[in-house]
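These notes concern the structure reproduced below.
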Amino acid sequence: MTGPVLVPILGDQLSPDISSLADRRPEDTVVLMMEVVEETTYVRHHKAKIALILSAMRHFAEELREAGWMVDYVRLDAPENTGSFTGEVARAITRHNARGVQVTEPGEWRVRQAMAQWRTDLPVRVRILPDTRFICPLPDFFEWAAGRRELRMEWFYREMRRKTGLLMDGDKPVGGRWNFDAENRGGPEAGLAPPGLPAFRADDTTREVLEMVSTRFARHFGSLDKFAWPVTRAEAEQARDAFLKDRLPLFGKYQDAMVSGQDFLFHAALSPAINIGLLDPQDLCQRAETEWREGRAPLEAVEGFIRQIIGWREYIRGMYWLEMPGLADANGLDAHRPLPEFYWTGDTPMHCIAECVRTTRDNAYAHHIQRLMVLGNFALLAGLAPREVAEWYLIVFADAYEWVELPNVAGMILHADKGRLASKPYAASGAYIDRMSDYCGKCTFNVKQKTGPAACPFNALYWHFLARNEKRLAGYHRLAQPYATWRRMSEDRRHEYIASAEAFLDSLSDQPSTWG
Ligand code: FAD
Ligand code: DLZ
């Protein structure tokens, strides 16, 4: 074949400087973008996630055309659409008489396996290039991990600070410390009123997508009524600038706070745009650093924010590729309970869960502490099956791709990886939720009561979790204190906790999930 080189660009690769285009010339290249049913339904994604990706893909195709690229765009409703990346790439090779395929590696294992197959199944040479939008190349991460007994994020983060030069003063961290987390523990204060996010009006392209999604994916979870995610680079940059100006200064202080009805607080709400390539993570961190250097945001906020991106985000991605494919089946705490129906409906008297499910349904978003310490903590304490929990997280959030969702679920919340990622399970009783939120004051359960039907279920579940995992977890240095407390309790008290938790867990089996 003598035609151009075909460059498939996937729905989370919407960056003009994607590696697959870096050495290409427009006159010798056809960019292929594909809306395919396999991607829209391999899990039943939240409607807003599908709408975001398809609208952003259509806008990106226009951006590329305006920059002079020839783009072949296959829409979901095209009659000849085969429904898969592989089928569409094969068809496009024939259509354009392409002489080769050049593609950036995908974010997910599932797609990487399919792509590896292209090398044997397609009639042309296939080049798969690293995704250079991540700051830490995978071989560097594997080298960092090799031979270490403990793969702790904090050590990785320090290397990333040195590598990027972010918040560095020569070879020393600015402010004399690497981590200002201790200053970032503000609870919900009365009258806390964060500035809202910029509202983006749907243009014709987005309106067309929203209409198609609302009919074609009507049975998928979630609402489109509040859809307002940035779908173009210009909108994403506007959202970024609004965050840096309005919310970054208090990002650190209220990072862990949860307030009913305040769905974004001082969080960036930029992960959907970052993950599909509308914002560059390193550029974002440099801009955040400038806010501190020019005196507009305090160091503890800026350091906390930069740590999430060059630390957690990069580390999570490295851990995904290090631990796959086994991570998808990991179940180190032998947890098998089905996901309760209220993860879909929010129909539960536990106000914290109802509120986190509500924002998830309305926005395809919950902030980190809601994901970790409410929805995740409950899944851990109740012993929900990791595969069901992982599928739920992959479905419901606009920013969810397996490379970032799975290590957070299997490693950070469920400890299914037996502590490869986190040094202890993030288990907490109702007291934590009460301290960090206004939820408990609005709940029918009593957070101060420890056992019985009126008590906050998190209280007894916390001890039930520790008791049933004693053999696995009692040796953890960071759990020594709770286990010592458990052992000091009277037999009767322990029995009350166990009986109370079991009565609650029994009530869950009346309502297994029917949605996903
Ligand atoms: P902010 O709180 O403002 O943080 C800034 C940025 O830091 C985020 O945009 C994100 O890019 C990055 N970040 C922060 N924490 C993490 C982390 N633990 N892992 C990776 N990046 C991080 N994030 C996703 O992007 N996709 C997911 O599917 C996803 N699933 C998660 C599942 C669980 C169980 C948990 C505990 C966390 C998950 N996260 C996920 C991480 C984090 O919760 C989201 O990145 C964050 O809530 C996105 O909102 P934000 O942009 O307002 O983030
Ligand atoms: C998530 C998603 C959806 C819903 N639809 C598409 C699509 O139609 N076409 C596409 O190129 N990408 C889509 N995506 C994103 C892909 O699932 C993502 O690129 C892969 O999972 C690799 O990370």
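By convention in this document, the chains of the structure tokens carry letters A, B, ... by their order, each chain's residues are numbered from 1, and ligands are numbered from 1 in the order they are shown.
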Selection near Phe60 in chain A, 9 Å with only C-alpha atoms, sequence-local residues under 6 positions removed, as an MDAnalysis selection string: chainID A and resid 14:16 231:233
If you keep C-alpha atoms, can you produce a file of those selected residues as a PDB file, in the first residue's frame?
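For reference, again_29.pdb as written:
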```pdb
ATOM      1  CA  LEU A  14      -7.358  14.819  22.513  1.00  0.00           C
ATOM      2  CA  SER A  15      -4.041  16.696  22.666  1.00  0.00           C
ATOM      3  CA  PRO A  16      -2.519  18.388  19.603  1.00  0.00           C
ATOM      4  CA  VAL A 231     -15.614  20.099  25.939  1.00  0.00           C
ATOM      5  CA  THR A 232     -13.072  22.266  24.088  1.00  0.00           C
ATOM      6  CA  ARG A 233      -9.507  23.270  24.909  1.00  0.00           C
TER       7      ARG A 233
END
```
Cut-off 8 Å, only C-alpha atoms and all ligand atoms, neighbours of ligand 2 as JSON, numbers by chain: {"A": [9, 10, 11, 12, 13, 33, 34, 35, 36, 37, 38, 39, 40, 41, 45, 49, 50, 51, 53, 54, 57, 76, 85, 106, 107, 108, 110, 111, 112, 401, 402, 403]}
Expected answer as number ranges by chain: residues within 7 Å of ligand 1, only C-alpha atoms and all ligand atoms: A: 255, 264, 267-272, 274-275, 305, 308-309, 312-313, 316, 366-369, 371-372, 376, 393-394, 397, 399-402, 404-405, 408-409, 412-413
Resulting file, chosen residues, N, CA, C and O atoms, as a short mmCIF file (atom, residue, chain, number, x, y, z; two decimals), in the first residue's frame:
```cif
data_model
loop_
_atom_site.label_atom_id
_atom_site.label_comp_id
_atom_site.auth_asym_id
_atom_site.auth_seq_id
_atom_site.Cartn_x
_atom_site.Cartn_y
_atom_site.Cartn_z
N GLN A 255 -9.58 20.75 51.46
CA GLN A 255 -9.43 19.58 50.59
C GLN A 255 -10.20 18.37 51.11
O GLN A 255 -10.70 17.56 50.34
N PHE A 264 -18.56 20.83 44.64
CA PHE A 264 -17.17 20.96 44.18
C PHE A 264 -16.26 21.63 45.20
O PHE A 264 -15.05 21.51 45.10
N HIS A 267 -12.29 22.23 45.12
CA HIS A 267 -11.57 21.30 44.24
C HIS A 267 -11.49 21.87 42.83
O HIS A 267 -12.26 22.75 42.45
N ALA A 268 -10.56 21.29 42.05
CA ALA A 268 -10.32 21.82 40.70
C ALA A 268 -11.42 21.44 39.73
O ALA A 268 -11.71 22.19 38.79
N ALA A 269 -12.00 20.26 39.90
CA ALA A 269 -12.97 19.72 38.93
C ALA A 269 -12.35 19.73 37.52
O ALA A 269 -13.04 20.01 36.54
N LEU A 270 -11.07 19.44 37.46
CA LEU A 270 -10.38 19.46 36.16
C LEU A 270 -9.99 18.06 35.67
O LEU A 270 -9.52 17.91 34.54
N SER A 271 -10.22 17.03 36.49
CA SER A 271 -9.78 15.68 36.09
C SER A 271 -10.41 15.21 34.77
O SER A 271 -9.72 14.60 33.95
N PRO A 272 -11.70 15.49 34.51
CA PRO A 272 -12.23 15.05 33.21
C PRO A 272 -11.46 15.67 32.04
O PRO A 272 -11.15 14.98 31.06
N ILE A 274 -8.31 16.95 32.13
CA ILE A 274 -6.91 16.48 32.11
C ILE A 274 -6.85 15.08 31.48
O ILE A 274 -6.02 14.80 30.62
N ASN A 275 -7.77 14.21 31.90
CA ASN A 275 -7.67 12.81 31.48
C ASN A 275 -7.96 12.60 30.01
O ASN A 275 -7.51 11.61 29.43
N PHE A 305 -1.86 20.71 45.88
CA PHE A 305 -2.43 20.51 44.54
C PHE A 305 -1.41 19.84 43.61
O PHE A 305 -1.73 18.85 42.93
N GLN A 308 -1.01 16.19 44.23
CA GLN A 308 -2.06 15.31 43.67
C GLN A 308 -1.72 14.93 42.23
O GLN A 308 -2.02 13.83 41.78
N ILE A 309 -1.11 15.86 41.51
CA ILE A 309 -0.93 15.62 40.07
C ILE A 309 0.40 14.94 39.76
O ILE A 309 0.42 13.86 39.16
N TRP A 312 0.34 11.76 43.15
CA TRP A 312 -0.68 10.71 43.11
C TRP A 312 -1.03 10.25 41.70
O TRP A 312 -1.08 9.07 41.41
N ARG A 313 -1.28 11.21 40.80
CA ARG A 313 -1.77 10.82 39.47
C ARG A 313 -0.73 9.97 38.72
O ARG A 313 -1.04 8.95 38.12
N ILE A 316 -0.23 6.52 40.53
CA ILE A 316 -1.37 5.62 40.28
C ILE A 316 -1.24 5.00 38.89
O ILE A 316 -1.47 3.80 38.69
N ALA A 366 -17.74 13.20 42.12
CA ALA A 366 -17.74 13.37 43.58
C ALA A 366 -16.29 13.71 43.88
O ALA A 366 -15.39 13.26 43.17
N HIS A 367 -16.05 14.52 44.90
CA HIS A 367 -14.64 14.87 45.11
C HIS A 367 -13.92 13.76 45.87
O HIS A 367 -14.53 12.78 46.32
N HIS A 368 -12.62 13.93 46.01
CA HIS A 368 -11.77 12.83 46.46
C HIS A 368 -12.20 12.23 47.80
O HIS A 368 -12.26 11.01 47.96
N ILE A 369 -12.52 13.09 48.76
CA ILE A 369 -12.83 12.56 50.09
C ILE A 369 -14.18 11.85 50.09
O ILE A 369 -14.38 10.86 50.79
N ARG A 371 -15.25 10.15 47.49
CA ARG A 371 -14.95 8.85 46.87
C ARG A 371 -14.22 7.92 47.83
O ARG A 371 -14.45 6.72 47.86
N LEU A 372 -13.30 8.53 48.63
CA LEU A 372 -12.44 7.72 49.49
C LEU A 372 -13.10 7.38 50.83
O LEU A 372 -13.16 6.22 51.22
N GLY A 376 -16.06 4.84 49.40
CA GLY A 376 -15.00 3.84 49.46
C GLY A 376 -14.91 3.19 50.84
O GLY A 376 -14.78 1.97 50.97
N TYR A 393 -17.24 2.36 40.06
CA TYR A 393 -16.42 3.58 39.95
C TYR A 393 -16.08 3.90 38.50
O TYR A 393 -15.98 5.06 38.11
N LEU A 394 -15.90 2.86 37.69
CA LEU A 394 -15.56 3.10 36.28
C LEU A 394 -16.75 3.68 35.52
O LEU A 394 -16.59 4.48 34.60
N PHE A 397 -18.13 8.06 37.09
CA PHE A 397 -17.43 9.35 37.11
C PHE A 397 -16.96 9.76 35.72
O PHE A 397 -16.44 8.93 34.95
N ASP A 399 -14.44 11.30 34.90
CA ASP A 399 -12.98 11.22 34.72
C ASP A 399 -12.46 9.78 34.76
O ASP A 399 -11.25 9.56 34.82
N ALA A 400 -13.37 8.78 34.73
CA ALA A 400 -12.94 7.40 35.03
C ALA A 400 -12.42 6.64 33.81
O ALA A 400 -13.12 6.46 32.82
N TYR A 401 -11.18 6.23 33.91
CA TYR A 401 -10.53 5.29 32.97
C TYR A 401 -9.85 4.27 33.85
O TYR A 401 -9.38 4.61 34.93
N GLU A 402 -9.76 3.05 33.37
CA GLU A 402 -9.31 2.00 34.27
C GLU A 402 -7.92 2.28 34.86
O GLU A 402 -7.65 1.93 36.00
N VAL A 404 -6.66 4.84 36.06
CA VAL A 404 -6.67 5.69 37.25
C VAL A 404 -7.70 5.20 38.26
O VAL A 404 -7.50 5.28 39.48
N GLU A 405 -8.80 4.62 37.75
CA GLU A 405 -9.86 4.15 38.65
C GLU A 405 -9.42 2.90 39.43
O GLU A 405 -9.58 2.82 40.64
N ASN A 408 -6.95 3.11 42.42
CA ASN A 408 -7.59 3.82 43.52
C ASN A 408 -8.60 2.93 44.23
O ASN A 408 -8.72 2.95 45.46
N VAL A 409 -9.32 2.11 43.46
CA VAL A 409 -10.34 1.25 44.08
C VAL A 409 -9.67 0.03 44.74
O VAL A 409 -9.83 -0.20 45.94
N MET A 412 -6.27 1.77 46.90
CA MET A 412 -6.45 2.79 47.94
C MET A 412 -7.66 2.50 48.82
O MET A 412 -7.58 2.63 50.04
N ILE A 413 -8.82 2.14 48.24
CA ILE A 413 -9.97 1.98 49.15
C ILE A 413 -10.16 0.56 49.67
O ILE A 413 -10.56 0.37 50.79
#
```
Residue set, range 241-417 of chain A restricted to helix (DSSP H, G or I), as a ChimeraX atom specification: /A:241-251,271-276,281-293,299-323,326-329,342-345,351-363,368-382,386-396,402-413
From A:Thr86, A:Thr132, A:Ser509, A:Ser429, residue lying nearest Trp118 in chain A [only C-alpha atoms]: A:Thr86
Proximity to Leu248 in chain A - best of A:Gly304, A:Gly261, A:Gly175, A:Pro407, only C-alpha atoms: A:Gly304
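Here CA of Val71 in chain A is placed at a distance of 15.5 Å from CA of Asp17 in chain A.
Interatomic distance, CA of Pro325 in chain A against CA of Trp344 in chain A: 27.3 Å.
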Shell around Leu138 in chain A at 10 Å using only C-alpha atoms, local window under 5 positions removed, as a count of residues only: 11
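Picture a line from CA of Lys47 in chain A to CA of Pro340 in chain A; it runs 20.9 Å.
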Near-Leu508 in chain A list (10 Å; only C-alpha atoms; drop same-chain fewer than 4 positions) as number ranges by chain: A: 337-342, 382, 502-504, 512
For the selection you just gave me, I'd like the residues written to a file as a CSV table (one decimal), in the first residue's frame, keeping C-alpha atoms.
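Result saved to selection-v8.csv:
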```csv
chain,number,residue,atom,x,y,z
A,337,ARG,CA,-20.8,-8.9,49.3
A,338,PRO,CA,-22.8,-7.6,46.3
A,339,LEU,CA,-22.9,-3.9,45.7
A,340,PRO,CA,-26.1,-2.6,47.4
A,341,GLU,CA,-28.7,-1.0,45.2
A,342,PHE,CA,-28.3,2.4,47.0
A,382,ALA,CA,-19.0,-3.7,54.4
A,502,GLU,CA,-24.2,-8.1,61.3
A,503,ALA,CA,-27.8,-7.0,61.7
A,504,PHE,CA,-27.0,-4.1,59.4
A,512,PRO,CA,-28.5,-6.4,45.9
```
Residue list (strand (DSSP E or B), DSSP) for range 315-484 of chain A, as a ChimeraX atom specification: /A:337,340,384,437,446,455
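Considering only C-alpha atoms, the residue among A:Arg91, A:His336, A:Arg361, A:Arg152 positioned nearest to Arg387 in chain A is A:His336.
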Each range 165-244 of chain A residue no farther than 7 Å from range 294-303 of chain A, nearest pair in Å, only C-alpha atoms, as a Markdown table:
```
| residue | atom | partner | partner_atom | distance |
| --- | --- | --- | --- | --- |
| A:Asn179 | CA | A:Glu303 | CA | 7.0 |
| A:Phe180 | CA | A:Glu300 | CA | 5.2 |
| A:Glu183 | CA | A:Glu300 | CA | 6.7 |
```
Write the residues you've just listed into a file as a PDB file, in the first residue's frame, and include C-alpha atoms for each of them.
```pdb
ATOM      1  CA  ASN A 179       4.706  18.037  52.232  1.00  0.00           C
ATOM      2  CA  PHE A 180       2.333  20.525  53.881  1.00  0.00           C
ATOM      3  CA  GLU A 183      -1.944  22.307  57.300  1.00  0.00           C
TER       4      GLU A 183
END
```
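Using only C-alpha atoms, the smallest distance between any of A:Leu421, A:Ser223, A:Arg119, A:Trp229 and Leu327 in chain A comes from A:Leu421.
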Nearest candidate to Leu384 in chain A (options A:Glu237, A:Asp334, A:Asp204, A:Glu211; using only C-alpha atoms): A:Asp334
Residue neighbourhood Asn377 in chain A, 12 Å, only C-alpha atoms, exclusion window fewer than 3 positions, as an MDAnalysis selection string: chainID A and resid 352:353 368:374 380:384 389 409 412:415 425:430 432:433 457:459 461:462 465
Cut-off 8 Å: closest range 420-477 of chain A/range 482-492 of chain A atom pairs per residue, using only C-alpha atoms, as a tab-separated table:
```
residue	atom	partner	partner_atom	distance
A:Trp463	CA	A:Trp486	CA	7.6
A:Leu466	CA	A:Tyr483	CA	7.5
A:Ala474	CA	A:Tyr483	CA	6.6
```
So that I have them on file, write out the residues from the current selection with C-alpha atoms, as a PDB file, in the first residue's frame.
```pdb
ATOM      1  CA  TRP A 463     -14.989  -2.754  64.428  1.00  0.00           C
ATOM      2  CA  LEU A 466     -11.080  -4.931  62.024  1.00  0.00           C
ATOM      3  CA  ALA A 474      -3.209  -7.023  63.134  1.00  0.00           C
TER       4      ALA A 474
END
```
Selection: 9 Å around Glu496 in chain A, only C-alpha atoms, excl. self and same-chain fewer than 5 positions, as a ChimeraX atom specification: /A:451-452,460,491,501
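Omitting Pro26 in chain A and its sequence neighbours fewer than 6 positions away, and counting only C-alpha atoms, the residues within 9 Å are Gly68, Trp69 and Met70 of chain A.
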